[in-house]
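Colleague: Pasting a structure here, questions to come.
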Amino acid sequence: MEENIERLITYFTLYGLQVLSAVVIFVVGRWLSRFISNATQKVMDKRNVDRTLSMFLKNIIYYALFSFVIMAAIAKLGIQTTSFIAVLGAAGLAVGMALQGSLSNFASGVMIILFKPFKVGHFIGAGGTKGSVQEIHIFSTVLHSPDNVRIVVPNSQIMSGTIENYSINDTRRVDLVIGVSYEDDLTKTRQVLEEVVKSDSRVLSTPELTVAVSALADSSVNFVVRPWVKNSDYWGVYFDLTEKIKIELEKNNISIPFPQRDLHIKTNVESPA
């Protein structure tokens with residue numbers, strides 16, 4: 001009986017200390033993991049790092065440190081962790097291969113947040129579509145198209161192609177191509193076009209307006225009309241000038257030709273034998 005009690009005391013002394021040490025490692029290590037991850041987020045917030053990125057990195061740091069804590073606690077219990085780590089590594093590799101596209105989207109999302117090629121509210125063209133940026137996530141970016149369709153674009157598609165940001169600059173150039181007949185007076189046409197454009201108060205004086213002959217096309221002489229406007233006035237000026245130019249050209253008897261095709265019908269009449 002005494003021998004059994006001594007054995008129990010020995011086991012409790014030996015393994016109890018191991019269990020207690022493992023618990024202490026787990027509790028203290030978990031606290032340190034949270035402390036370090038929270039401190040990292042505070043540093044990033046002070047340096048104005050995007051909130052989405054700082055929260056994500058905080059979680060990554062916490063779970064990475066916490067994984068080491070768990071492994072240390074398991075090792076303290078006397079359990080061999082070498083094979084366990086090998087299994088986790090193989091599983092991680094398999095998961096990484098399966099989530100290759102997601103990891104690419106994640107890396108692209110980090111680049112978007114760090115380098116800021118666009119912000120929420122900007123109108124952009126990227127990933128084969130166009131729209132206003134509503135949300136920027138780690139794996140995808142949400143756009144709203146001009147006809148109010150919600151478009152979710154994977155970040156890897158955005159970063160792997162050209163990004164057109166229509167909102168980042170304060171001014172934009174309106175590009176119009178106006179075709180007139182070869183019989184019309186080009187000097188008069190240029191004068192009419194300049195008067196129409198300059199009469200719009202939204203057109204900026206600098207950069208200077210451009211009105212010039214750009215091409216001698218098949219059925220028309222083409223003028224380019226290129227005024228500069230504020231970004232917010234772009235579409236309003238574009239639509240209004242298109243309408244006003246047509247009206248004023250007609251008032252001044254300047255024709256706007258359109259493609260025409262002449263059809264010649266020939267009939268072969270055979271003479272009687």
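Identifiers in the structure tokens: chain A, B, ... in order shown; residue index from 1 per chain; ligand index from 1 in order shown.
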Find the residues around A:Ile158 up to 12 Å (only C-alpha atoms counted), leave out those fewer than 5 positions away in its own chain, and share them as a PyMOL selection string.

Modeller: chain A and resi 104-109+111-112+117-118+124-130+136+139-143+152-153+163-165

Colleague: Could you give me, as a ChimeraX atom specification, each residue of stretch 53-192 of chain A that DSSP assigns to alpha helix (DSSP H) when run on this structure's backbone?

Modeller: /A:53-76,82-98,100-115,155-159,186-192

Colleague: Which residue is closest to A:Glu183? Choose from A:Val225, A:Ile256, A:Ile36, A:Ile74 and count only C-alpha atoms.

Modeller: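 Comparing A:Val225, A:Ile256, A:Ile36, A:Ile74 against A:Glu183, the winner is A:Ile256.
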
Colleague: Within 7 Å of stretch 186-202 of chain A, counting only C-alpha atoms, which residues show up once you throw out same-chain ones fewer than 2 positions away? Write them as a PyMOL selection string, please.

Modeller: chain A and resi 184+204+211+229+241+244-245

Colleague: Give me, please, the distance in Å between atom CA of A:Val203 and atom CA of A:Tyr182, quoted to one decimal.

Modeller: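 It comes out at 28.7 Å.
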
Colleague: As a ChimeraX atom specification, please: every residue in stretch 70-241 of chain A that a backbone DSSP assignment puts in strand (DSSP E or B).

Modeller: /A:123-126,129-136,140-144,150-154,164-165,171-173,176-180,203,210-216,221-226,228-230

Colleague: May I have the residues within 9 Å of A:Ser33 as a list in words, using only C-alpha atoms and disregarding those fewer than 3 positions away in the same chain?

Modeller: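 Those residues are Val28, Gly29, Arg30, Ile36, Ser37, Asn38, Ile61, Tyr62, Tyr63, Ala64, Leu65, Phe66 and Val69 of chain A.
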
Colleague: Report, in Å with one decimal, the straight-line distance from atom CA of A:Ser145 to atom CA of A:Ser132.

Modeller: 6.4 Å
